[in-house]
$ cat coords_22.csv   # CSV, C-alpha atoms
chain,number,residue,atom,x,y,z
A,23,MET,CA,122.0,32.6,69.8
A,24,PRO,CA,121.5,36.4,69.4
A,25,LYS,CA,122.6,37.9,66.1
A,26,THR,CA,124.4,41.2,65.8
A,27,LEU,CA,122.3,43.6,63.7
A,28,ALA,CA,123.8,46.2,61.5
A,29,THR,CA,123.5,49.9,62.1
A,30,ALA,CA,121.7,51.9,59.5
A,31,ALA,CA,122.9,55.4,58.9
A,32,LEU,CA,120.7,57.7,56.7
A,33,ILE,CA,123.1,60.3,55.3
A,34,LEU,CA,121.3,63.4,54.1
A,35,PRO,CA,122.7,65.4,51.2
A,36,ALA,CA,124.7,68.5,52.1
A,37,THR,CA,122.2,71.1,53.3
A,38,SER,CA,123.3,74.7,53.8
A,39,ASN,CA,120.7,75.7,56.4
A,40,TYR,CA,120.4,72.5,58.4
A,41,ILE,CA,122.1,73.5,61.6
A,42,VAL,CA,121.2,77.2,61.7
A,43,ALA,CA,118.3,78.4,59.5
A,44,SER,CA,118.6,81.7,57.7
A,45,VAL,CA,118.5,84.7,60.1
A,46,ALA,CA,119.7,88.3,60.0
A,47,ILE,CA,123.3,88.1,61.2
A,48,ALA,CA,124.0,89.6,64.6
A,49,ASN,CA,126.4,89.1,67.4
A,50,GLY,CA,125.7,86.3,69.8
A,51,ALA,CA,124.7,82.7,69.9
A,52,GLN,CA,122.6,81.5,67.0
A,53,THR,CA,119.6,79.1,67.4
A,54,ILE,CA,120.5,75.5,66.5
A,55,ALA,CA,117.7,74.0,64.5
A,56,HIS,CA,119.1,70.5,64.1
A,57,GLN,CA,122.1,68.4,65.2
A,58,PRO,CA,124.1,66.8,62.4
A,59,ASP,CA,122.3,63.6,61.2
A,60,VAL,CA,125.6,61.7,61.3
A,61,PRO,CA,129.1,62.8,62.2
A,62,ARG,CA,130.2,65.1,59.3
A,63,ASN,CA,131.7,68.4,58.3
A,64,ILE,CA,129.8,71.7,58.6
A,65,THR,CA,129.4,74.7,56.2
A,66,ILE,CA,129.0,78.4,57.1
A,67,THR,CA,127.5,80.8,54.7
A,68,VAL,CA,127.1,84.6,55.2
A,69,THR,CA,125.3,86.6,52.7
A,70,ASP,CA,126.6,90.2,52.7
A,71,ALA,CA,124.0,91.8,50.6
A,72,ASN,CA,125.8,95.0,49.9
A,73,ALA,CA,129.4,94.1,50.8
A,74,SER,CA,129.2,96.1,54.0
A,75,ILE,CA,130.6,93.7,56.6
A,76,ASP,CA,134.1,94.6,57.4
A,77,ALA,CA,134.8,92.5,60.6
A,78,GLY,CA,133.5,89.5,62.5
A,79,THR,CA,133.9,85.8,63.2
A,80,VAL,CA,131.6,82.8,63.2
A,81,THR,CA,132.7,80.0,65.6
A,82,VAL,CA,131.0,76.6,65.5
A,83,THR,CA,131.9,74.5,68.5
A,84,GLY,CA,131.0,70.9,69.3
A,85,THR,CA,132.3,67.4,69.7
A,86,ASP,CA,133.7,65.0,67.2
A,87,ILE,CA,133.0,61.3,66.6
A,88,SER,CA,135.1,60.4,69.6
A,89,GLY,CA,133.6,63.0,71.9
A,90,ASN,CA,136.6,65.3,71.8
A,91,PRO,CA,136.1,69.1,71.5
A,92,VAL,CA,136.2,70.5,68.0
A,93,SER,CA,135.6,73.9,66.4
A,94,GLU,CA,135.7,75.7,63.1
A,95,VAL,CA,136.1,79.5,62.8
A,96,MET,CA,135.3,81.7,59.9
A,97,THR,CA,136.8,85.2,59.8
A,98,MET,CA,135.0,87.9,57.9
A,99,PRO,CA,135.2,89.7,55.5
A,100,ALA,CA,138.1,87.6,54.1
A,101,ASN,CA,135.7,84.7,54.1
A,102,LEU,CA,132.0,84.7,53.8
A,103,THR,CA,131.7,81.0,53.1
A,104,LYS,CA,133.5,78.1,54.7
A,105,THR,CA,133.4,74.4,54.1
A,106,GLY,CA,134.8,72.8,57.2
A,107,THR,CA,137.3,70.0,57.3
A,108,LYS,CA,136.5,68.7,60.8
A,109,THR,CA,133.9,66.2,61.8
A,110,PHE,CA,131.1,67.2,64.1
A,111,LYS,CA,129.0,64.6,65.8
A,112,LYS,CA,127.3,67.3,68.0
A,113,ILE,CA,127.1,71.0,67.8
A,114,THR,CA,127.1,72.9,71.1
A,115,SER,CA,127.1,76.4,69.9
A,116,VAL,CA,127.3,78.7,66.9
A,117,VAL,CA,128.5,82.2,67.9
A,118,VAL,CA,128.9,85.4,65.9
A,119,ALA,CA,131.3,87.8,67.5
A,120,SER,CA,133.0,91.2,66.8
A,121,LEU,CA,130.6,91.7,63.9
A,122,HIS,CA,130.8,95.2,62.3
A,123,GLY,CA,129.2,96.7,59.2
A,124,GLN,CA,126.2,94.5,58.9
A,125,GLU,CA,123.1,96.0,57.3
A,126,ALA,CA,119.6,94.9,56.5
A,127,GLY,CA,119.5,91.9,54.3
A,128,ASP,CA,122.7,90.3,55.7
A,129,THR,CA,122.1,86.8,56.8
A,130,ILE,CA,123.8,83.7,58.1
A,131,VAL,CA,123.2,80.0,57.7
A,132,VAL,CA,125.1,77.0,59.0
A,133,GLY,CA,124.7,73.6,57.4
A,134,ILE,CA,125.9,70.1,57.0
A,135,GLY,CA,128.7,69.4,54.4
A,136,ALA,CA,129.1,66.4,52.1
A,137,ASN,CA,131.7,64.5,54.1
A,138,ALA,CA,130.3,61.9,56.6
A,139,GLN,CA,132.6,59.9,59.0
A,140,LEU,CA,130.5,57.1,60.2
A,141,THR,CA,133.2,55.1,62.0
A,142,ILE,CA,136.9,55.1,62.9
A,143,GLY,CA,138.7,51.8,62.9
A,144,ALA,CA,137.8,48.4,61.5
A,145,THR,CA,134.3,48.3,60.1
A,146,HIS,CA,132.1,45.8,58.3
A,147,LEU,CA,130.5,47.6,55.4
A,148,VAL,CA,127.3,45.7,54.8
A,149,SER,CA,125.6,47.7,52.1
A,150,ALA,CA,124.6,51.0,50.5
A,151,VAL,CA,121.0,51.5,49.8
A,152,ILE,CA,120.0,54.0,47.1
A,153,THR,CA,116.4,54.8,47.2
A,154,GLY,CA,116.4,57.8,44.9
A,155,GLY,CA,113.9,60.6,44.7
A,156,ALA,CA,113.1,63.7,42.8
A,157,GLY,CA,116.7,65.1,42.9
A,158,THR,CA,120.0,63.9,41.6
A,159,SER,CA,121.5,60.9,43.3
A,160,GLY,CA,125.2,60.8,43.9
A,161,PRO,CA,127.9,60.3,43.2
A,162,TYR,CA,128.4,58.5,46.5
A,163,THR,CA,132.1,58.0,47.4
A,164,ILE,CA,132.9,55.3,49.9
A,165,ILE,CA,136.2,55.6,51.6
A,166,ASP,CA,138.2,53.2,53.9
A,167,GLY,CA,139.8,56.0,56.0
A,168,THR,CA,139.3,59.1,58.1
A,169,SER,CA,140.1,61.9,55.7
A,170,GLY,CA,139.9,63.1,52.2
A,171,THR,CA,137.3,62.7,49.4
A,172,THR,CA,138.9,60.2,47.1
A,173,GLY,CA,137.2,56.9,46.9
A,174,ASN,CA,139.1,53.7,47.6
A,175,VAL,CA,136.2,51.3,48.1
A,176,ALA,CA,133.7,52.6,45.6
A,177,VAL,CA,132.3,55.5,43.7
A,178,LEU,CA,128.7,54.9,43.0
A,179,LYS,CA,128.0,57.1,40.0
A,180,ALA,CA,125.7,60.2,39.8
A,181,GLY,CA,122.3,59.0,38.9
A,182,VAL,CA,123.1,55.5,40.1
A,183,ARG,CA,120.2,53.0,39.9
A,184,GLU,CA,118.0,52.7,42.9
A,185,GLN,CA,118.8,49.4,44.6
A,186,THR,CA,120.8,47.8,47.4
A,187,TYR,CA,124.6,47.5,46.9
A,188,PRO,CA,125.7,44.6,49.2
A,189,TYR,CA,129.4,45.2,49.6
A,190,ASP,CA,129.8,42.9,52.6
A,191,CYS,CA,133.5,43.5,53.2
A,192,MET,CA,135.8,44.7,55.9
A,193,LEU,CA,137.3,48.2,56.0
A,194,GLY,CA,140.4,48.6,58.0
A,195,SER,CA,140.6,52.3,59.0
A,196,GLY,CA,137.1,53.6,59.1
A,197,LEU,CA,133.9,54.2,57.1
A,198,ARG,CA,133.7,57.6,55.3
A,199,VAL,CA,131.1,58.6,52.8
A,200,VAL,CA,131.0,61.7,50.6
A,201,VAL,CA,127.5,62.5,49.5
A,202,ALA,CA,127.1,64.6,46.4
A,203,GLY,CA,123.9,65.4,44.6
A,204,THR,CA,120.6,66.1,46.4
A,205,GLU,CA,119.5,62.7,47.5
A,206,SER,CA,120.3,60.8,50.7
A,207,VAL,CA,121.8,57.3,51.0
A,208,THR,CA,121.5,54.7,53.7
A,209,ILE,CA,124.7,53.0,54.7
A,210,ASN,CA,124.5,49.8,56.7
A,211,TYR,CA,127.5,48.8,58.7
A,212,GLU,CA,128.8,46.9,61.8
A,213,GLN,CA,131.5,47.9,64.2
B,11,MET,CA,134.0,41.9,68.0
B,12,LEU,CA,133.7,41.6,64.2
B,13,LYS,CA,134.2,38.2,62.8
B,14,ASP,CA,136.6,37.6,59.9
B,15,LEU,CA,134.8,38.9,56.8
B,16,ASN,CA,135.4,39.5,53.2
B,17,SER,CA,138.2,41.7,51.8
B,18,TYR,CA,137.9,44.1,48.9
B,19,ALA,CA,139.9,45.5,46.0
B,20,TYR,CA,138.9,48.7,44.4
B,21,ILE,CA,139.7,49.3,40.7
B,22,SER,CA,138.9,52.5,38.9
B,23,THR,CA,141.2,52.5,35.9
B,24,GLY,CA,141.7,50.4,32.8
B,25,THR,CA,144.3,48.0,34.0
B,26,THR,CA,145.1,44.4,34.9
B,27,THR,CA,144.9,43.8,38.7
B,28,GLN,CA,146.1,40.7,40.5
B,29,VAL,CA,143.6,40.9,43.3
B,30,LEU,CA,144.7,37.7,45.0
B,31,THR,CA,147.5,35.2,44.4
B,32,GLY,CA,146.8,31.7,45.5
B,33,PRO,CA,143.6,29.9,46.6
B,34,GLY,CA,140.6,31.8,47.8
B,35,VAL,CA,137.0,32.6,47.3
B,36,LEU,CA,135.5,35.1,44.9
B,37,VAL,CA,132.3,36.4,46.3
B,38,GLY,CA,131.3,38.9,43.7
B,39,ILE,CA,131.9,42.1,41.8
B,40,MET,CA,130.2,45.4,42.5
B,41,VAL,CA,130.0,47.6,39.5
B,42,ASN,CA,129.8,51.1,41.0
B,43,THR,CA,129.8,53.0,37.9
B,44,THR,CA,128.5,51.6,34.6
B,45,ALA,CA,131.5,50.0,33.1
B,46,ALA,CA,133.3,51.8,30.3
B,47,GLY,CA,134.7,48.6,28.9
B,48,THR,CA,134.6,44.8,29.4
B,49,ILE,CA,135.6,43.4,32.8
B,50,LYS,CA,137.4,40.0,32.5
B,51,VAL,CA,137.4,37.8,35.6
B,52,ILE,CA,140.2,35.2,35.6
B,53,ASP,CA,141.3,32.4,38.0
B,54,GLY,CA,145.0,32.7,37.4
B,55,THR,CA,148.1,34.8,37.7
B,56,ALA,CA,148.9,35.6,34.1
B,57,GLY,CA,147.3,36.5,30.8
B,58,VAL,CA,144.1,38.4,29.9
B,59,THR,CA,141.8,35.6,28.8
B,60,ALA,CA,138.7,35.2,30.9
B,61,ASN,CA,138.0,31.8,32.4
B,62,ILE,CA,135.3,32.8,34.9
B,63,ALA,CA,133.3,35.6,33.4
B,64,THR,CA,133.4,38.6,31.1
B,65,LEU,CA,131.1,41.4,32.1
B,66,LYS,CA,130.2,43.3,29.0
B,67,ALA,CA,131.1,46.9,28.3
B,68,SER,CA,128.5,49.3,29.6
B,69,ILE,CA,127.0,46.7,31.9
B,70,GLY,CA,124.6,48.3,34.4
B,71,GLU,CA,125.8,49.2,37.9
B,72,GLY,CA,125.0,46.6,40.5
B,73,TRP,CA,126.1,43.4,42.3
B,74,TYR,CA,127.3,40.5,40.2
B,75,GLY,CA,127.6,37.8,42.8
B,76,PHE,CA,128.9,34.2,42.4
B,77,GLY,CA,126.4,32.5,44.7
B,78,ALA,CA,125.7,32.7,48.4
B,79,ASN,CA,129.1,31.3,49.3
B,80,GLY,CA,131.1,32.5,46.3
B,81,ILE,CA,133.2,30.3,44.1
B,82,ALA,CA,136.5,28.6,44.8
B,83,ILE,CA,139.6,30.1,43.3
B,84,SER,CA,142.6,27.9,42.8
B,85,ALA,CA,145.4,30.1,41.4
B,86,GLY,CA,144.3,33.6,42.1
B,87,ILE,CA,141.9,36.4,41.2
B,88,ARG,CA,142.9,38.4,38.2
B,89,ILE,CA,140.8,41.2,36.8
B,90,VAL,CA,141.3,42.9,33.5
B,91,THR,CA,139.4,46.2,33.0
B,92,ALA,CA,139.4,47.4,29.5
B,93,ALA,CA,138.6,50.9,30.4
B,94,ALA,CA,138.1,53.1,33.5
B,95,SER,CA,135.3,51.1,35.1
B,96,ASP,CA,134.7,51.7,38.8
B,97,ILE,CA,134.4,48.3,40.5
B,98,THR,CA,134.8,46.7,43.9
B,99,VAL,CA,135.9,43.1,43.9
B,100,VAL,CA,134.8,41.2,47.1
B,101,TYR,CA,136.7,38.1,48.0
B,102,ARG,CA,138.2,36.1,50.9
B,103,THR,CA,141.2,33.9,51.5
$ encode --input "coords_22.csv" --output "structure tokens"
Amino acid sequence: MPKTLATAALILPATSNYIVASVAIANGAQTIAHQPDVPRNITITVTDANASIDAGTVTVTGTDISGNPVSEVMTMPANLTKTGTKTFKKITSVVVASLHGQEAGDTIVVGIGANAQLTIGATHLVSAVITGGAGTSGPYTIIDGTSGTTGNVAVLKAGVREQTYPYDCMLGSGLRVVVAGTESVTINYEQ
Amino acid sequence: MLKDLNSYAYISTGTTTQVLTGPGVLVGIMVNTTAAGTIKVIDGTAGVTANIATLKASIGEGWYGFGANGIAISAGIRIVTAAASDITVVYRT
């Protein structure tokens, strides 16, 4: 009888230049270097070297975990950084528009945020695997839900020991993981 | 379709938690963050005296399982955390 195997999701730490690597900011579509590793929020960072930018928008467009259209917009100069709240499974475009006042040294990066939404709905959380590395591991916050950053299943502490944490339990609403620190985590689950 | 699996209870404060009332199976306890105080595990619905296990204060993070199939609970699963440990209790009914 065939057995159902779990899905392994390697969740990278938040990385500010993962989707769009650092380039001089200019109007138009930006080159997408990578798609999100797992469905997660995005971050936008504009470096305005001499505080010269006085207008412009950055729009990130894509689809969410269910395949529905989703977007985040950052308006400059009121905001030069944005930590998105929506979940992107795929990025279709990153567009800078109506930019004014940019000068040499002004750059843009778009990255992946800390909040990963692996599933929506009932999910079997099999385990979390901490492998560690040269950076700081965690804390890793495991949430039964589809929003927020407050743990209700577990908060594996910063600097948590490298090993497998076999939760083996059912979540009712969805599997969400907030990854802090600079190290990845592998989450195994079934849905 | 997912088969019927274990339930969980998350505890992150120093408190007494009645995880389950009535018969069930205690599978194990995941210590997510090194415990700040003792964790008493009780088969019962009253009191604070451990009759299954006492995990010591500052026990290391990790899985403290009660065998491959867990252990039978007759009255209920009651957990007493002496301080703000971060733990996940895994059980089934």
$ closest_residue --input "coords_22.csv" --among "A:Val207, A:Val199, A:Val177, A:Leu121" --to "chain B" --atoms "only C-alpha atoms"
A:Val177
$ interface_residues --input "coords_22.csv" --of "chain B" --to "chain A" --cutoff "7 Å" --atoms "all atoms listed in the file" --output "PDB file with C-alpha atoms, in the frame of the given file"
ATOM      1  CA  LEU B  12     133.700  41.600  64.200  1.00  0.00           C
ATOM      2  CA  LEU B  15     134.800  38.900  56.800  1.00  0.00           C
ATOM      3  CA  ASN B  16     135.400  39.500  53.200  1.00  0.00           C
ATOM      4  CA  SER B  17     138.200  41.700  51.800  1.00  0.00           C
ATOM      5  CA  TYR B  18     137.900  44.100  48.900  1.00  0.00           C
ATOM      6  CA  TYR B  20     138.900  48.700  44.400  1.00  0.00           C
ATOM      7  CA  ASN B  42     129.800  51.100  41.000  1.00  0.00           C
ATOM      8  CA  THR B  43     129.800  53.000  37.900  1.00  0.00           C
ATOM      9  CA  GLY B  72     125.000  46.600  40.500  1.00  0.00           C
ATOM     10  CA  TRP B  73     126.100  43.400  42.300  1.00  0.00           C
ATOM     11  CA  ASP B  96     134.700  51.700  38.800  1.00  0.00           C
ATOM     12  CA  ILE B  97     134.400  48.300  40.500  1.00  0.00           C
ATOM     13  CA  THR B  98     134.800  46.700  43.900  1.00  0.00           C
ATOM     14  CA  VAL B 100     134.800  41.200  47.100  1.00  0.00           C
TER      15      VAL B 100
END
$ residues_near_point --input "coords_22.csv" --point "(142.4, 53.5, 33.2)" --cutoff "7 Å" --atoms "all atoms listed in the file" --output "list in words"
Ser22, Thr23, Gly24, Thr25, Ala93 and Ala94 of chain B
$ write_last_selection --input "coords_22.csv" --atoms "C-alpha atoms" --output "short mmCIF file (atom, residue, chain, number, x, y, z; two decimals), keeping the file's coordinate frame"
data_model
loop_
_atom_site.label_atom_id
_atom_site.label_comp_id
_atom_site.auth_asym_id
_atom_site.auth_seq_id
_atom_site.Cartn_x
_atom_site.Cartn_y
_atom_site.Cartn_z
CA SER B 22 138.90 52.50 38.90
CA THR B 23 141.20 52.50 35.90
CA GLY B 24 141.70 50.40 32.80
CA THR B 25 144.30 48.00 34.00
CA ALA B 93 138.60 50.90 30.40
CA ALA B 94 138.10 53.10 33.50
#
$ closest_residue --input "coords_22.csv" --among "A:Asp166, A:Ile113, A:Val148, A:Ser159" --to "Asn210 (chain A)" --atoms "only C-alpha atoms"
A:Val148
$ closest_residue --input "coords_22.csv" --among "A:Leu27, A:Ile142, A:Ile130, A:Ile165" --to "Ala43 (chain A)" --atoms "only C-alpha atoms"
A:Ile130
$ closest_residue --input "coords_22.csv" --among "B:Gln28, B:Ala56, B:Gly38, B:Pro33" --to "Ala78 (chain B)" --atoms "all atoms listed in the file"
B:Gly38
$ closest_residue --input "coords_22.csv" --among "A:Gly89, A:Gly133, A:Gly127, A:Pro99" --to "Asn39 (chain A)" --atoms "all atoms listed in the file"
A:Gly133
$ residues_around --input "coords_22.csv" --residues "region 57-59 of chain B" --least-positions-apart "4" --cutoff "9 Å" --atoms "only C-alpha atoms" --output "compact mmCIF listing (two decimals) with C-alpha atoms, keeping the file's coordinate frame"
# COMPACT_ATOMS: atom_id res chain seq x y z
CA THR B 26 145.10 44.40 34.90
CA LYS B 50 137.40 40.00 32.50
CA VAL B 51 137.40 37.80 35.60
CA ILE B 52 140.20 35.20 35.60
CA ARG B 88 142.90 38.40 38.20
CA ILE B 89 140.80 41.20 36.80
CA VAL B 90 141.30 42.90 33.50
$ atom_distance --input "coords_22.csv" --atom1 "CA of Asp86 (chain A)" --atom2 "CA of Val118 (chain A)"
21.0 Å
$ atom_distance --input "coords_22.csv" --atom1 "CA of Ala45 (chain B)" --atom2 "CA of Gly196 (chain A)"
26.8 Å
$ atom_distance --input "coords_22.csv" --atom1 "CA of Val80 (chain A)" --atom2 "CA of Ala119 (chain A)"
6.6 Å
$ axis_aligned_box --input "coords_22.csv" --around "region 92-102 of chain B" --padding-each-side "4 Å" --output "AutoDock Vina command-line options"
--center_x 136.9 --center_y 44.6 --center_z 40.2 --size_x 13.0 --size_y 25.0 --size_z 29.4
$ residues_around --input "coords_22.csv" --residues "Met96 (chain A)" --least-positions-apart "6" --cutoff "7 Å" --atoms "all atoms listed in the file" --output "PyMOL selection string"
chain A and resi 79-81+104
$ write_last_selection --input "coords_22.csv" --atoms "C-alpha atoms" --output "PDB file, in the coordinates of the input"
ATOM      1  CA  THR A  79     133.900  85.800  63.200  1.00  0.00           C
ATOM      2  CA  VAL A  80     131.600  82.800  63.200  1.00  0.00           C
ATOM      3  CA  THR A  81     132.700  80.000  65.600  1.00  0.00           C
ATOM      4  CA  LYS A 104     133.500  78.100  54.700  1.00  0.00           C
TER       5      LYS A 104
END
$ build_atoms --input "coords_22.csv" --residues "region 43-56 of chain B" --atoms "N, CA and C atoms" --output "compact mmCIF listing (two decimals), keeping the file's coordinate frame"
# COMPACT_ATOMS: atom_id res chain seq x y z
N THR B 43 130.08 52.11 38.94
CA THR B 43 129.80 53.00 37.90
C THR B 43 129.78 52.25 36.57
N THR B 44 128.72 52.41 35.81
CA THR B 44 128.50 51.60 34.60
C THR B 44 129.85 51.48 33.86
N ALA B 45 130.20 50.24 33.63
CA ALA B 45 131.50 50.00 33.10
C ALA B 45 131.73 50.57 31.73
N ALA B 46 132.91 51.14 31.55
CA ALA B 46 133.30 51.80 30.30
C ALA B 46 133.85 50.78 29.30
N GLY B 47 134.10 49.58 29.75
CA GLY B 47 134.70 48.60 28.90
C GLY B 47 134.44 47.20 29.52
N THR B 48 134.84 46.15 28.85
CA THR B 48 134.60 44.80 29.40
C THR B 48 135.45 44.63 30.69
N ILE B 49 134.94 43.74 31.53
CA ILE B 49 135.60 43.40 32.80
C ILE B 49 135.83 41.85 32.72
N LYS B 50 137.08 41.44 32.59
CA LYS B 50 137.40 40.00 32.50
C LYS B 50 137.76 39.49 33.90
N VAL B 51 137.18 38.37 34.25
CA VAL B 51 137.40 37.80 35.60
C VAL B 51 138.16 36.44 35.31
N ILE B 52 139.32 36.31 35.93
CA ILE B 52 140.20 35.20 35.60
C ILE B 52 140.63 34.49 36.93
N ASP B 53 140.62 33.17 36.90
CA ASP B 53 141.30 32.40 38.00
C ASP B 53 142.66 32.09 37.43
N GLY B 54 143.63 32.86 37.89
CA GLY B 54 145.00 32.70 37.40
C GLY B 54 145.87 33.84 37.80
N THR B 55 147.09 33.80 37.35
CA THR B 55 148.10 34.80 37.70
C THR B 55 148.75 35.40 36.47
N ALA B 56 148.27 35.04 35.30
CA ALA B 56 148.90 35.60 34.10
C ALA B 56 147.83 35.64 32.98
